[in-house]
>>> print(open('run_23.pdb').read())   # PDB, C-alpha atoms
ATOM      1  CA  MET X  20      26.977 -17.338 113.926
ATOM      2  CA  ASN X  21      27.145 -15.420 110.683
ATOM      3  CA  ASP X  22      23.738 -16.693 109.620
ATOM      4  CA  PRO X  23      21.489 -13.572 109.407
ATOM      5  CA  GLN X  24      18.472 -15.550 110.681
ATOM      6  CA  ILE X  25      20.263 -16.610 113.846
ATOM      7  CA  ARG X  26      21.562 -13.110 114.479
ATOM      8  CA  THR X  27      18.092 -11.631 113.939
ATOM      9  CA  SER X  28      16.418 -14.042 116.349
ATOM     10  CA  VAL X  29      18.995 -13.288 119.046
ATOM     11  CA  VAL X  30      18.647  -9.533 118.563
ATOM     12  CA  THR X  31      14.863  -9.817 118.556
ATOM     13  CA  ALA X  32      14.901 -11.798 121.784
ATOM     14  CA  ASP X  33      17.272  -9.354 123.417
ATOM     15  CA  THR X  34      15.344  -6.314 122.167
ATOM     16  CA  HIS X  35      12.135  -7.987 123.254
ATOM     17  CA  PHE X  36      13.557  -8.394 126.771
ATOM     18  CA  ASP X  37      14.672  -4.761 126.887
ATOM     19  CA  ASN X  38      11.323  -3.483 125.568
ATOM     20  CA  PHE X  39       9.451  -5.539 128.137
ATOM     21  CA  CYS X  40      11.523  -4.335 131.096
ATOM     22  CA  ASN X  41      11.699  -0.742 129.853
ATOM     23  CA  SER X  42       7.925  -0.631 129.458
ATOM     24  CA  ILE X  43       7.473  -1.886 132.997
ATOM     25  CA  ASP X  44      10.034   0.595 134.364
ATOM     26  CA  GLN X  45       8.141   3.434 132.673
ATOM     27  CA  GLY X  46       4.803   2.270 134.052
ATOM     28  CA  GLN X  47       3.561   1.199 130.621
ATOM     29  CA  VAL X  48       2.158  -2.104 131.788
ATOM     30  CA  LYS X  49      -0.242  -2.490 128.846
ATOM     31  CA  GLU X  50       2.571  -1.952 126.352
ATOM     32  CA  ALA X  51       4.619  -4.560 128.135
ATOM     33  CA  MET X  52       1.747  -6.999 127.893
ATOM     34  CA  VAL X  53       1.718  -6.602 124.104
ATOM     35  CA  GLU X  54       5.290  -7.915 123.941
ATOM     36  CA  GLY X  55       5.157 -11.672 123.530
ATOM     37  CA  GLY X  56       4.447 -14.539 121.205
ATOM     38  CA  LYS X  57       2.454 -17.731 120.966
ATOM     39  CA  PHE X  58       2.044 -20.455 123.535
ATOM     40  CA  ILE X  59      -0.171 -23.528 123.485
ATOM     41  CA  ARG X  60      -2.786 -22.726 126.131
ATOM     42  CA  THR X  61      -3.848 -25.334 128.656
ATOM     43  CA  LYS X  62      -7.186 -23.816 129.715
ATOM     44  CA  VAL X  63      -9.427 -20.801 129.245
ATOM     45  CA  ARG X  64      -8.882 -18.028 131.765
ATOM     46  CA  GLN X  65     -11.100 -15.095 132.612
ATOM     47  CA  GLU X  66     -10.989 -11.736 134.327
ATOM     48  CA  SER X  67     -12.943 -10.820 137.476
ATOM     49  CA  ILE X  68     -16.674 -11.589 137.550
ATOM     50  CA  ALA X  69     -17.075  -9.483 140.697
ATOM     51  CA  ARG X  70     -15.845  -6.370 138.915
ATOM     52  CA  GLU X  71     -18.430  -6.896 136.176
ATOM     53  CA  VAL X  72     -21.192  -7.226 138.777
ATOM     54  CA  PHE X  73     -20.142  -3.867 140.275
ATOM     55  CA  ASN X  74     -19.555  -2.223 136.867
ATOM     56  CA  GLY X  75     -15.837  -2.024 137.517
ATOM     57  CA  SER X  76     -13.610  -1.140 140.449
ATOM     58  CA  ILE X  77     -12.997   2.331 141.911
ATOM     59  CA  LYS X  78      -9.476   3.448 142.804
ATOM     60  CA  LEU X  79      -9.139   5.001 146.262
ATOM     61  CA  GLU X  80      -6.368   7.297 147.422
ATOM     62  CA  PRO X  81      -5.025   7.414 151.006
ATOM     63  CA  GLU X  82      -7.171  10.451 151.803
ATOM     64  CA  ASP X  83     -10.307   8.464 150.824
ATOM     65  CA  LEU X  84      -9.770   5.956 153.649
ATOM     66  CA  ASP X  85     -11.236   6.099 157.153
ATOM     67  CA  ARG X  86      -9.502   5.378 160.437
ATOM     68  CA  ASN X  87     -10.424   3.033 163.258
ATOM     69  CA  VAL X  88      -9.128   3.323 166.819
ATOM     70  CA  TYR X  89      -8.861  -0.476 167.118
ATOM     71  CA  THR X  90      -6.805  -1.289 164.013
ATOM     72  CA  ASP X  91      -4.534   0.190 161.372
ATOM     73  CA  GLN X  92      -6.115  -2.030 158.718
ATOM     74  CA  PRO X  93      -7.159   0.151 155.744
ATOM     75  CA  LEU X  94     -10.921   0.582 155.603
ATOM     76  CA  ARG X  95     -13.629   2.681 154.028
ATOM     77  CA  ILE X  96     -16.911   3.535 155.763
ATOM     78  CA  GLU X  97     -19.945   3.874 153.502
ATOM     79  CA  GLU X  98     -23.445   5.051 154.321
ATOM     80  CA  ILE X  99     -26.758   3.329 153.696
ATOM     81  CA  GLU X 100     -29.862   5.246 152.728
ATOM     82  CA  PRO X 101     -32.117   5.634 155.805
ATOM     83  CA  ASP X 102     -35.643   4.298 155.558
ATOM     84  CA  SER X 103     -38.569   6.703 155.641
ATOM     85  CA  ILE X 104     -42.357   6.775 155.578
ATOM     86  CA  ALA X 105     -45.107   9.288 154.868
ATOM     87  CA  THR X 106     -48.486   9.578 156.558
ATOM     88  CA  TYR X 107     -51.821  11.314 156.015
ATOM     89  CA  VAL X 108     -52.565  14.241 158.344
ATOM     90  CA  PRO X 109     -55.535  16.642 158.528
ATOM     91  CA  PHE X 110     -54.996  20.307 157.659
ATOM     92  CA  ASN X 111     -54.701  21.222 161.335
ATOM     93  CA  GLY X 112     -52.377  18.312 162.173
ATOM     94  CA  THR X 113     -48.694  17.469 161.774
ATOM     95  CA  SER X 114     -46.830  14.270 161.019
ATOM     96  CA  ARG X 115     -44.913  12.336 163.633
ATOM     97  CA  ARG X 116     -41.437  13.654 164.408
ATOM     98  CA  ARG X 117     -38.441  11.360 164.655
ATOM     99  CA  TRP X 118     -34.732  11.385 165.213
ATOM    100  CA  PHE X 119     -33.316   9.939 162.012
ATOM    101  CA  ARG X 120     -30.198   7.852 161.793
ATOM    102  CA  GLY X 121     -28.430   6.461 158.749
ATOM    103  CA  SER X 122     -26.736   3.087 158.878
ATOM    104  CA  LYS X 123     -23.113   2.573 157.852
ATOM    105  CA  PHE X 124     -20.955  -0.368 156.841
ATOM    106  CA  GLU X 125     -17.211  -0.950 156.646
ATOM    107  CA  ILE X 126     -15.176  -2.158 153.685
ATOM    108  CA  TYR X 127     -11.779  -3.641 154.555
ATOM    109  CA  PHE X 128      -8.895  -4.187 152.150
ATOM    110  CA  GLY X 129      -6.450  -7.017 151.698
ATOM    111  CA  LYS X 130      -3.669  -8.051 149.335
ATOM    112  CA  ILE X 131      -3.804 -10.850 146.773
ATOM    113  CA  GLU X 132      -0.424 -11.938 145.479
ATOM    114  CA  SER X 133       0.705 -14.333 142.747
ATOM    115  CA  GLN X 134       3.581 -16.772 142.948
ATOM    116  CA  ARG X 135       7.063 -15.256 142.753
ATOM    117  CA  ASN X 136       8.759 -16.272 139.513
ATOM    118  CA  ARG X 137      12.540 -16.422 139.239
ATOM    119  CA  LYS X 138      14.618 -17.190 136.153
ATOM    120  CA  ASN X 139      18.091 -16.707 134.709
ATOM    121  CA  ARG X 140      18.188 -14.163 131.898
ATOM    122  CA  TYR X 141      20.155 -16.481 129.620
ATOM    123  CA  ASN X 142      17.707 -19.343 130.130
ATOM    124  CA  LEU X 143      14.963 -17.030 128.875
ATOM    125  CA  MET X 144      16.752 -16.709 125.545
ATOM    126  CA  THR X 145      15.854 -20.324 124.749
ATOM    127  CA  TYR X 146      12.155 -19.414 124.425
ATOM    128  CA  ARG X 147      10.869 -18.067 121.117
ATOM    129  CA  SER X 148       7.955 -16.490 122.984
ATOM    130  CA  ASP X 149       8.199 -14.427 126.131
ATOM    131  CA  ILE X 150       7.322 -16.820 128.922
ATOM    132  CA  ARG X 151       7.340 -13.837 131.304
ATOM    133  CA  LYS X 152       4.353 -12.347 129.525
ATOM    134  CA  MET X 153       2.479 -15.628 129.784
ATOM    135  CA  LEU X 154       3.228 -15.971 133.498
ATOM    136  CA  THR X 155       2.328 -12.337 134.119
ATOM    137  CA  ASP X 156      -0.949 -12.580 132.196
ATOM    138  CA  ASN X 157      -1.886 -15.759 134.020
ATOM    139  CA  ALA X 158      -1.000 -14.168 137.361
ATOM    140  CA  VAL X 159      -3.582 -11.438 136.704
ATOM    141  CA  TYR X 160      -6.207 -14.102 135.965
ATOM    142  CA  ASP X 161      -5.192 -16.106 139.049
ATOM    143  CA  ILE X 162      -5.626 -13.001 141.191
ATOM    144  CA  ALA X 163      -9.050 -12.444 139.614
ATOM    145  CA  ASP X 164      -9.994 -16.032 140.521
ATOM    146  CA  VAL X 165      -9.124 -15.435 144.178
ATOM    147  CA  GLU X 166     -11.071 -12.162 144.114
ATOM    148  CA  ASP X 167     -14.113 -13.935 142.674
ATOM    149  CA  GLN X 168     -13.871 -16.831 145.126
ATOM    150  CA  MET X 169     -13.885 -14.415 148.060
ATOM    151  CA  PHE X 170     -16.785 -12.447 146.557
ATOM    152  CA  PHE X 171     -19.003 -15.495 146.033
ATOM    153  CA  ASP X 172     -18.050 -16.940 149.422
ATOM    154  CA  GLU X 173     -19.419 -13.718 150.904
ATOM    155  CA  VAL X 174     -22.524 -13.920 148.714
ATOM    156  CA  GLU X 175     -23.187 -17.477 149.889
ATOM    157  CA  ALA X 176     -22.637 -16.472 153.525
ATOM    158  CA  LEU X 177     -25.199 -13.676 153.159
ATOM    159  CA  LEU X 178     -27.725 -16.000 151.483
ATOM    160  CA  ALA X 179     -27.354 -18.431 154.404
ATOM    161  CA  LEU X 180     -28.552 -15.815 156.913
ATOM    162  CA  PRO X 181     -32.122 -16.065 158.294
ATOM    163  CA  ALA X 182     -32.768 -12.568 156.889
ATOM    164  CA  ALA X 183     -32.219 -13.957 153.378
ATOM    165  CA  ALA X 184     -35.247 -16.243 153.501
ATOM    166  CA  GLY X 185     -36.866 -16.493 150.078
ATOM    167  CA  GLN X 186     -33.747 -15.449 148.145
ATOM    168  CA  ILE X 187     -32.805 -19.013 147.143
ATOM    169  CA  LEU X 188     -35.189 -20.514 144.593
ATOM    170  CA  PRO X 189     -34.967 -24.270 143.917
ATOM    171  CA  LEU X 190     -36.505 -24.686 140.452
ATOM    172  CA  ALA X 191     -36.712 -27.481 137.905
ATOM    173  CA  GLY X 192     -36.401 -27.430 134.136
ATOM    174  CA  GLY X 193     -32.988 -25.882 133.481
ATOM    175  CA  LEU X 194     -32.466 -22.463 131.924
ATOM    176  CA  THR X 195     -36.014 -21.683 130.878
ATOM    177  CA  ALA X 196     -37.828 -18.404 130.436
ATOM    178  CA  ALA X 197     -40.023 -19.266 133.435
ATOM    179  CA  ASN X 198     -37.025 -19.822 135.719
ATOM    180  CA  VAL X 199     -35.275 -16.619 134.696
ATOM    181  CA  VAL X 200     -38.510 -14.660 135.100
ATOM    182  CA  ALA X 201     -39.032 -16.192 138.580
ATOM    183  CA  ALA X 202     -35.647 -14.840 139.704
ATOM    184  CA  LEU X 203     -36.287 -11.392 138.245
ATOM    185  CA  GLN X 204     -39.768 -11.258 139.750
ATOM    186  CA  ARG X 205     -38.455 -12.118 143.208
ATOM    187  CA  LEU X 206     -35.908  -9.299 142.925
ATOM    188  CA  VAL X 207     -38.587  -6.810 141.906
ATOM    189  CA  GLN X 208     -40.969  -8.040 144.622
ATOM    190  CA  MET X 209     -38.352  -7.055 147.195
ATOM    191  CA  LYS X 210     -38.289  -3.575 145.602
ATOM    192  CA  TYR X 211     -34.872  -3.861 143.993
ATOM    193  CA  PRO X 212     -34.063  -2.953 140.385
ATOM    194  CA  ILE X 213     -32.764  -5.668 138.076
ATOM    195  CA  GLY X 214     -29.028  -5.514 137.446
ATOM    196  CA  LYS X 215     -27.248  -8.521 135.946
ATOM    197  CA  LEU X 216     -27.515 -12.293 135.738
ATOM    198  CA  VAL X 217     -24.436 -14.414 136.452
ATOM    199  CA  MET X 218     -24.110 -17.990 135.175
ATOM    200  CA  THR X 219     -21.585 -20.339 133.638
ATOM    201  CA  LYS X 220     -21.061 -20.417 129.908
ATOM    202  CA  SER X 221     -22.168 -24.045 129.992
ATOM    203  CA  LEU X 222     -25.546 -23.111 131.499
ATOM    204  CA  HIS X 223     -25.864 -20.139 129.141
ATOM    205  CA  LEU X 224     -25.508 -22.528 126.192
ATOM    206  CA  GLU X 225     -28.851 -24.042 127.203
ATOM    207  CA  ALA X 226     -30.382 -20.953 125.605
ATOM    208  CA  LEU X 227     -29.684 -22.717 122.300
ATOM    209  CA  LYS X 228     -32.416 -25.171 123.266
ATOM    210  CA  LEU X 229     -35.032 -22.432 123.513
ATOM    211  CA  PRO X 230     -37.542 -22.954 120.705
ATOM    212  CA  ALA X 231     -38.599 -20.327 118.191
ATOM    213  CA  THR X 232     -41.958 -20.183 119.962
ATOM    214  CA  SER X 233     -40.089 -18.825 123.016
ATOM    215  CA  VAL X 234     -37.466 -16.544 121.471
ATOM    216  CA  GLY X 235     -38.853 -15.852 117.992
ATOM    217  CA  ASP X 236     -37.862 -17.096 114.561
ATOM    218  CA  ALA X 237     -35.155 -14.443 114.017
ATOM    219  CA  VAL X 238     -33.367 -15.261 117.290
ATOM    220  CA  ALA X 239     -33.657 -19.011 116.738
ATOM    221  CA  LYS X 240     -32.146 -18.597 113.273
ATOM    222  CA  GLN X 241     -29.295 -16.514 114.683
ATOM    223  CA  HIS X 242     -28.629 -19.155 117.352
ATOM    224  CA  TYR X 243     -28.485 -21.800 114.641
ATOM    225  CA  GLU X 244     -26.098 -19.811 112.465
ATOM    226  CA  LYS X 245     -23.877 -18.044 115.023
ATOM    227  CA  GLY X 246     -24.513 -19.652 118.395
ATOM    228  CA  LEU X 247     -24.304 -17.372 121.446
ATOM    229  CA  GLN X 248     -20.919 -15.800 120.776
ATOM    230  CA  ASP X 249     -22.354 -12.330 120.151
ATOM    231  CA  GLU X 250     -24.941 -12.397 122.942
ATOM    232  CA  ASP X 251     -24.449 -10.880 126.377
ATOM    233  CA  SER X 252     -28.097 -10.746 127.455
ATOM    234  CA  LEU X 253     -31.196 -12.871 127.977
ATOM    235  CA  TRP X 254     -34.578 -11.349 127.210
ATOM    236  CA  GLY X 255     -32.922  -7.941 127.280
ATOM    237  CA  TYR X 256     -31.207  -8.305 130.684
ATOM    238  CA  PRO X 257     -27.380  -8.275 130.898
ATOM    239  CA  VAL X 258     -25.723 -11.650 131.489
ATOM    240  CA  ILE X 259     -22.221 -12.238 132.817
ATOM    241  CA  THR X 260     -21.044 -15.676 131.708
ATOM    242  CA  THR X 261     -18.059 -17.435 133.202
ATOM    243  CA  VAL X 262     -15.941 -20.541 132.716
ATOM    244  CA  LYS X 263     -15.274 -20.623 136.471
ATOM    245  CA  ASN X 264     -17.630 -23.490 137.276
ATOM    246  CA  ASP X 265     -15.515 -24.266 140.335
ATOM    247  CA  ILE X 266     -16.777 -20.956 141.753
ATOM    248  CA  VAL X 267     -20.231 -20.707 140.119
ATOM    249  CA  PRO X 268     -21.516 -24.267 139.481
ATOM    250  CA  ASP X 269     -23.277 -25.182 136.250
ATOM    251  CA  ASN X 270     -26.554 -25.980 138.007
ATOM    252  CA  TRP X 271     -27.369 -22.547 139.398
ATOM    253  CA  PHE X 272     -27.341 -18.860 138.509
ATOM    254  CA  TYR X 273     -27.607 -15.517 140.298
ATOM    255  CA  ALA X 274     -29.644 -12.383 139.714
ATOM    256  CA  PHE X 275     -27.979  -9.264 141.154
ATOM    257  CA  THR X 276     -29.465  -5.823 141.635
ATOM    258  CA  THR X 277     -27.691  -2.749 140.259
ATOM    259  CA  GLN X 278     -24.436  -1.504 141.798
ATOM    260  CA  GLU X 279     -25.934   1.488 143.620
ATOM    261  CA  PHE X 280     -28.258  -0.870 145.537
ATOM    262  CA  LEU X 281     -25.656  -3.604 146.061
ATOM    263  CA  GLY X 282     -22.388  -2.094 147.280
ATOM    264  CA  TYR X 283     -18.903  -1.168 146.108
ATOM    265  CA  HIS X 284     -15.798  -2.691 144.591
ATOM    266  CA  TYR X 285     -12.732  -0.633 145.501
ATOM    267  CA  HIS X 286      -9.000  -1.067 145.140
ATOM    268  CA  LEU X 287      -6.010   0.692 146.646
ATOM    269  CA  GLU X 288      -3.727  -0.870 144.044
ATOM    270  CA  ASP X 289      -4.817  -2.593 140.863
ATOM    271  CA  ALA X 290      -2.940  -5.565 139.412
ATOM    272  CA  THR X 291       0.681  -4.393 139.595
ATOM    273  CA  LEU X 292       3.720  -6.154 138.200
ATOM    274  CA  TYR X 293       6.869  -5.975 140.325
ATOM    275  CA  ILE X 294      10.184  -6.843 138.675
ATOM    276  CA  LYS X 295      13.528  -7.222 140.391
ATOM    277  CA  GLU X 296      16.771  -7.647 138.443
ATOM    278  CA  GLU X 297      19.944  -8.748 140.165
ATOM    279  CA  ALA X 298      22.940  -9.510 137.946
ATOM    280  CA  ASP X 299      21.666 -12.095 135.452
ATOM    281  CA  MET X 300      18.651 -13.118 137.569
ATOM    282  CA  LEU X 301      15.118 -11.843 137.014
ATOM    283  CA  GLU X 302      12.377 -12.134 139.644
ATOM    284  CA  PHE X 303       8.821 -10.876 139.253
ATOM    285  CA  HIS X 304       5.341 -11.265 140.717
ATOM    286  CA  THR X 305       1.935  -9.562 140.545
ATOM    287  CA  TYR X 306      -0.323  -8.290 143.325
ATOM    288  CA  ASN X 307      -3.393  -6.141 143.922
ATOM    289  CA  VAL X 308      -5.222  -4.682 146.944
ATOM    290  CA  PRO X 309      -9.033  -4.929 146.590
ATOM    291  CA  GLY X 310     -11.886  -4.197 148.963
ATOM    292  CA  ILE X 311     -15.467  -5.356 148.346
ATOM    293  CA  GLY X 312     -18.499  -4.317 150.379
ATOM    294  CA  ILE X 313     -22.010  -5.761 149.965
ATOM    295  CA  ALA X 314     -24.683  -3.754 151.751
ATOM    296  CA  GLY X 315     -27.809  -4.625 149.759
ATOM    297  CA  HIS X 316     -27.753  -8.349 150.489
ATOM    298  CA  ARG X 317     -31.495  -8.515 149.772
ATOM    299  CA  GLY X 318     -30.661  -7.591 146.204
ATOM    300  CA  ILE X 319     -29.248 -11.046 145.409
ATOM    301  CA  ILE X 320     -31.327 -13.973 144.176
ATOM    302  CA  LYS X 321     -29.909 -17.461 143.675
ATOM    303  CA  VAL X 322     -31.656 -20.065 141.517
ATOM    304  CA  THR X 323     -30.667 -23.715 141.900
ATOM    305  CA  LEU X 324     -31.664 -26.000 139.047
TER
END
>>> encode(input="run_23.pdb", output="structure tokens")
Amino acid sequence: MNDPQIRTSVVTADTHFDNFCNSIDQGQVKEAMVEGGKFIRTKVRQESIAREVFNGSIKLEPEDLDRNVYTDQPLRIEEIEPDSIATYVPFNGTSRRRWFRGSKFEIYFGKIESQRNRKNRYNLMTYRSDIRKMLTDNAVYDIADVEDQMFFDEVEALLALPAAAGQILPLAGGLTAANVVAALQRLVQMKYPIGKLVMTKSLHLEALKLPATSVGDAVAKQHYEKGLQDEDSLWGYPVITTVKNDIVPDNWFYAFTTQEFLGYHYHLEDATLYIKEEADMLEFHTYNVPGIGIAGHRGIIKVTL
């Protein structure tokens, strides 16, 4: 026990534990996440796709919520721009009068929670790296996966409605310029601005097949030398790529309109780590409370390849 290396490793582990818990207690979640070491990863994980589609999530306070006489479920009521028309009238005439009415839609909130992890403090000392950090990081990604699954389930439900006729394009040929343009054209034809494309990283890699005659010599050379690691767009339009091919399959992609035409991503509580210490036992889990509302369902195009 007099070996300085052994003493240092024990002190480091103990200090590491204290720093982690102290950071959490003080609300410094990001600092706590920095504490940790190296683990052999088993798979690639990714943050929320839905939040990227909506350009992030907006935090709501209790006073931002609306009330409903039928439930105490937290909700937010948003308004939709009313439609309007103009008409030609002679100098001695007037346009038609109308009572105008704006539509509204509701956004409900729910909680997503990770597994509850429990461990003896002294067992944790046998790990060179902080397994708590790994479990906490992965919990945030797991929550993001659930959030994305619910978002795309809603997208698919909207695309299955009769009102969504023409928003699913079955095309052949893989990820080609013609297929991407077809999706963007359909979005514009329905008078929606172009926002972002969403596809798997596997499908995005097909861009490496695009010849110089399609993308230019400079781009083809860059693809040959660097691949697609520095690219987050196709033909100038933003692309969100994902490894979650269990949620977004490799044989289709989406074209979304911009956030102000699509809807909102809110949260009452972002990913929050809860830690409970009792004697020598440590228990912790992560949760968040999101709410997603899609109003501009016509601003979504799906291409199946």
>>> closest_residue(input="run_23.pdb", among="X:Thr276, X:Ser76, X:Ser67, X:Thr291", to="X:Leu203", atoms="all atoms listed in the file")
X:Thr276
>>> closest_residue(input="run_23.pdb", among="X:Gly214, X:Gly318, X:Gly312, X:Gly255", to="X:Val72", atoms="all atoms listed in the file")
X:Gly214
>>> atom_distance(input="run_23.pdb", atom1="atom CA of X:Val199", atom2="atom CA of X:Ala184")
18.8 Å
>>> residues_around(input="run_23.pdb", residues="X:Gln278", least_positions_apart="4", cutoff="12 Å", atoms="all atoms listed in the file", output="list in words")
Ala69, Arg70, Glu71, Val72, Phe73, Asn74, Gly75, Ser76, Tyr211, Pro212, Ile213, Gly214, Lys215, Gly282, Tyr283, His284, Ile311, Gly312, Ile313, Ala314, Gly315, His316, Gly318 and Ile319 of chain X
>>> write_last_selection(input="run_23.pdb", atoms="C-alpha atoms", output="mmCIF file, keeping the file's coordinate frame")
data_model
loop_
_atom_site.group_PDB
_atom_site.id
_atom_site.type_symbol
_atom_site.label_atom_id
_atom_site.label_comp_id
_atom_site.auth_asym_id
_atom_site.auth_seq_id
_atom_site.Cartn_x
_atom_site.Cartn_y
_atom_site.Cartn_z
ATOM 1 C CA ALA X 69 -17.075 -9.483 140.697
ATOM 2 C CA ARG X 70 -15.845 -6.370 138.915
ATOM 3 C CA GLU X 71 -18.430 -6.896 136.176
ATOM 4 C CA VAL X 72 -21.192 -7.226 138.777
ATOM 5 C CA PHE X 73 -20.142 -3.867 140.275
ATOM 6 C CA ASN X 74 -19.555 -2.223 136.867
ATOM 7 C CA GLY X 75 -15.837 -2.024 137.517
ATOM 8 C CA SER X 76 -13.610 -1.140 140.449
ATOM 9 C CA TYR X 211 -34.872 -3.861 143.993
ATOM 10 C CA PRO X 212 -34.063 -2.953 140.385
ATOM 11 C CA ILE X 213 -32.764 -5.668 138.076
ATOM 12 C CA GLY X 214 -29.028 -5.514 137.446
ATOM 13 C CA LYS X 215 -27.248 -8.521 135.946
ATOM 14 C CA GLY X 282 -22.388 -2.094 147.280
ATOM 15 C CA TYR X 283 -18.903 -1.168 146.108
ATOM 16 C CA HIS X 284 -15.798 -2.691 144.591
ATOM 17 C CA ILE X 311 -15.467 -5.356 148.346
ATOM 18 C CA GLY X 312 -18.499 -4.317 150.379
ATOM 19 C CA ILE X 313 -22.010 -5.761 149.965
ATOM 20 C CA ALA X 314 -24.683 -3.754 151.751
ATOM 21 C CA GLY X 315 -27.809 -4.625 149.759
ATOM 22 C CA HIS X 316 -27.753 -8.349 150.489
ATOM 23 C CA GLY X 318 -30.661 -7.591 146.204
ATOM 24 C CA ILE X 319 -29.248 -11.046 145.409
#
>>> atom_distance(input="run_23.pdb", atom1="atom CA of X:Asn198", atom2="atom CA of X:Arg64")
28.5 Å
>>> residues_near_point(input="run_23.pdb", point="(-3.5, -12.9, 139.2)", cutoff="12 Å", atoms="all atoms listed in the file", output="VMD selection string")
chain X and resid 64 to 67 130 to 135 153 to 167 289 to 292 304 to 308
>>> write_last_selection(input="run_23.pdb", atoms="C-alpha atoms", output="mmCIF file, in the coordinates of the input")
data_model
loop_
_atom_site.group_PDB
_atom_site.id
_atom_site.type_symbol
_atom_site.label_atom_id
_atom_site.label_comp_id
_atom_site.auth_asym_id
_atom_site.auth_seq_id
_atom_site.Cartn_x
_atom_site.Cartn_y
_atom_site.Cartn_z
ATOM 1 C CA ARG X 64 -8.882 -18.028 131.765
ATOM 2 C CA GLN X 65 -11.100 -15.095 132.612
ATOM 3 C CA GLU X 66 -10.989 -11.736 134.327
ATOM 4 C CA SER X 67 -12.943 -10.820 137.476
ATOM 5 C CA LYS X 130 -3.669 -8.051 149.335
ATOM 6 C CA ILE X 131 -3.804 -10.850 146.773
ATOM 7 C CA GLU X 132 -0.424 -11.938 145.479
ATOM 8 C CA SER X 133 0.705 -14.333 142.747
ATOM 9 C CA GLN X 134 3.581 -16.772 142.948
ATOM 10 C CA ARG X 135 7.063 -15.256 142.753
ATOM 11 C CA MET X 153 2.479 -15.628 129.784
ATOM 12 C CA LEU X 154 3.228 -15.971 133.498
ATOM 13 C CA THR X 155 2.328 -12.337 134.119
ATOM 14 C CA ASP X 156 -0.949 -12.580 132.196
ATOM 15 C CA ASN X 157 -1.886 -15.759 134.020
ATOM 16 C CA ALA X 158 -1.000 -14.168 137.361
ATOM 17 C CA VAL X 159 -3.582 -11.438 136.704
ATOM 18 C CA TYR X 160 -6.207 -14.102 135.965
ATOM 19 C CA ASP X 161 -5.192 -16.106 139.049
ATOM 20 C CA ILE X 162 -5.626 -13.001 141.191
ATOM 21 C CA ALA X 163 -9.050 -12.444 139.614
ATOM 22 C CA ASP X 164 -9.994 -16.032 140.521
ATOM 23 C CA VAL X 165 -9.124 -15.435 144.178
ATOM 24 C CA GLU X 166 -11.071 -12.162 144.114
ATOM 25 C CA ASP X 167 -14.113 -13.935 142.674
ATOM 26 C CA ASP X 289 -4.817 -2.593 140.863
ATOM 27 C CA ALA X 290 -2.940 -5.565 139.412
ATOM 28 C CA THR X 291 0.681 -4.393 139.595
ATOM 29 C CA LEU X 292 3.720 -6.154 138.200
ATOM 30 C CA HIS X 304 5.341 -11.265 140.717
ATOM 31 C CA THR X 305 1.935 -9.562 140.545
ATOM 32 C CA TYR X 306 -0.323 -8.290 143.325
ATOM 33 C CA ASN X 307 -3.393 -6.141 143.922
ATOM 34 C CA VAL X 308 -5.222 -4.682 146.944
#
>>> residues_near_point(input="run_23.pdb", point="(-12.6, 10.3, 150.3)", cutoff="12 Å", atoms="only C-alpha atoms", output="PDB file with C-alpha atoms, in the coordinates of the input")
ATOM      1  CA  ILE X  77     -12.997   2.331 141.911  1.00  0.00           C
ATOM      2  CA  LYS X  78      -9.476   3.448 142.804  1.00  0.00           C
ATOM      3  CA  LEU X  79      -9.139   5.001 146.262  1.00  0.00           C
ATOM      4  CA  GLU X  80      -6.368   7.297 147.422  1.00  0.00           C
ATOM      5  CA  PRO X  81      -5.025   7.414 151.006  1.00  0.00           C
ATOM      6  CA  GLU X  82      -7.171  10.451 151.803  1.00  0.00           C
ATOM      7  CA  ASP X  83     -10.307   8.464 150.824  1.00  0.00           C
ATOM      8  CA  LEU X  84      -9.770   5.956 153.649  1.00  0.00           C
ATOM      9  CA  ASP X  85     -11.236   6.099 157.153  1.00  0.00           C
ATOM     10  CA  ARG X  86      -9.502   5.378 160.437  1.00  0.00           C
ATOM     11  CA  LEU X  94     -10.921   0.582 155.603  1.00  0.00           C
ATOM     12  CA  ARG X  95     -13.629   2.681 154.028  1.00  0.00           C
ATOM     13  CA  ILE X  96     -16.911   3.535 155.763  1.00  0.00           C
ATOM     14  CA  GLU X  97     -19.945   3.874 153.502  1.00  0.00           C
ATOM     15  CA  TYR X 285     -12.732  -0.633 145.501  1.00  0.00           C
TER      16      TYR X 285
END
>>> resolve_selection(input="run_23.pdb", expression="the PyMOL selection byres ((chain X and resi 196) around 12)", output="list in words")
Leu190, Ala191, Gly192, Gly193, Leu194, Thr195, Ala197, Asn198, Val199, Val200, Ala201, Ala202, Leu203, Gln204, Glu225, Ala226, Lys228, Leu229, Pro230, Thr232, Ser233, Val234, Leu253, Trp254 and Gly255 of chain X
>>> residues_around(input="run_23.pdb", residues="X:Gln92", least_positions_apart="6", cutoff="9 Å", atoms="only C-alpha atoms", output="PyMOL selection string")
chain X and resi 86+127-129
>>> atom_distance(input="run_23.pdb", atom1="atom CA of X:His286", atom2="atom CA of X:Val174")
19.0 Å
>>> axis_aligned_box(input="run_23.pdb", around="stretch 196-206 of chain X", padding_each_side="8 Å", output="lines of an AutoDock Vina configuration file")
center_x = -37.6
center_y = -14.6
center_z = 136.8
size_x = 20.7
size_y = 26.5
size_z = 28.8
>>> residues_around(input="run_23.pdb", residues="X:Pro268", least_positions_apart="6", cutoff="12 Å", atoms="only C-alpha atoms", output="number ranges by chain")
X: 171, 217-223, 260-262, 321-324
>>> closest_residue(input="run_23.pdb", among="X:Ile126, X:Ala298, X:Val88, X:Ile320", to="X:Leu177", atoms="all atoms listed in the file")
X:Ile320
>>> closest_residue(input="run_23.pdb", among="X:Arg317, X:Met300, X:Tyr89, X:Tyr146", to="X:Gln208", atoms="all atoms listed in the file")
X:Arg317
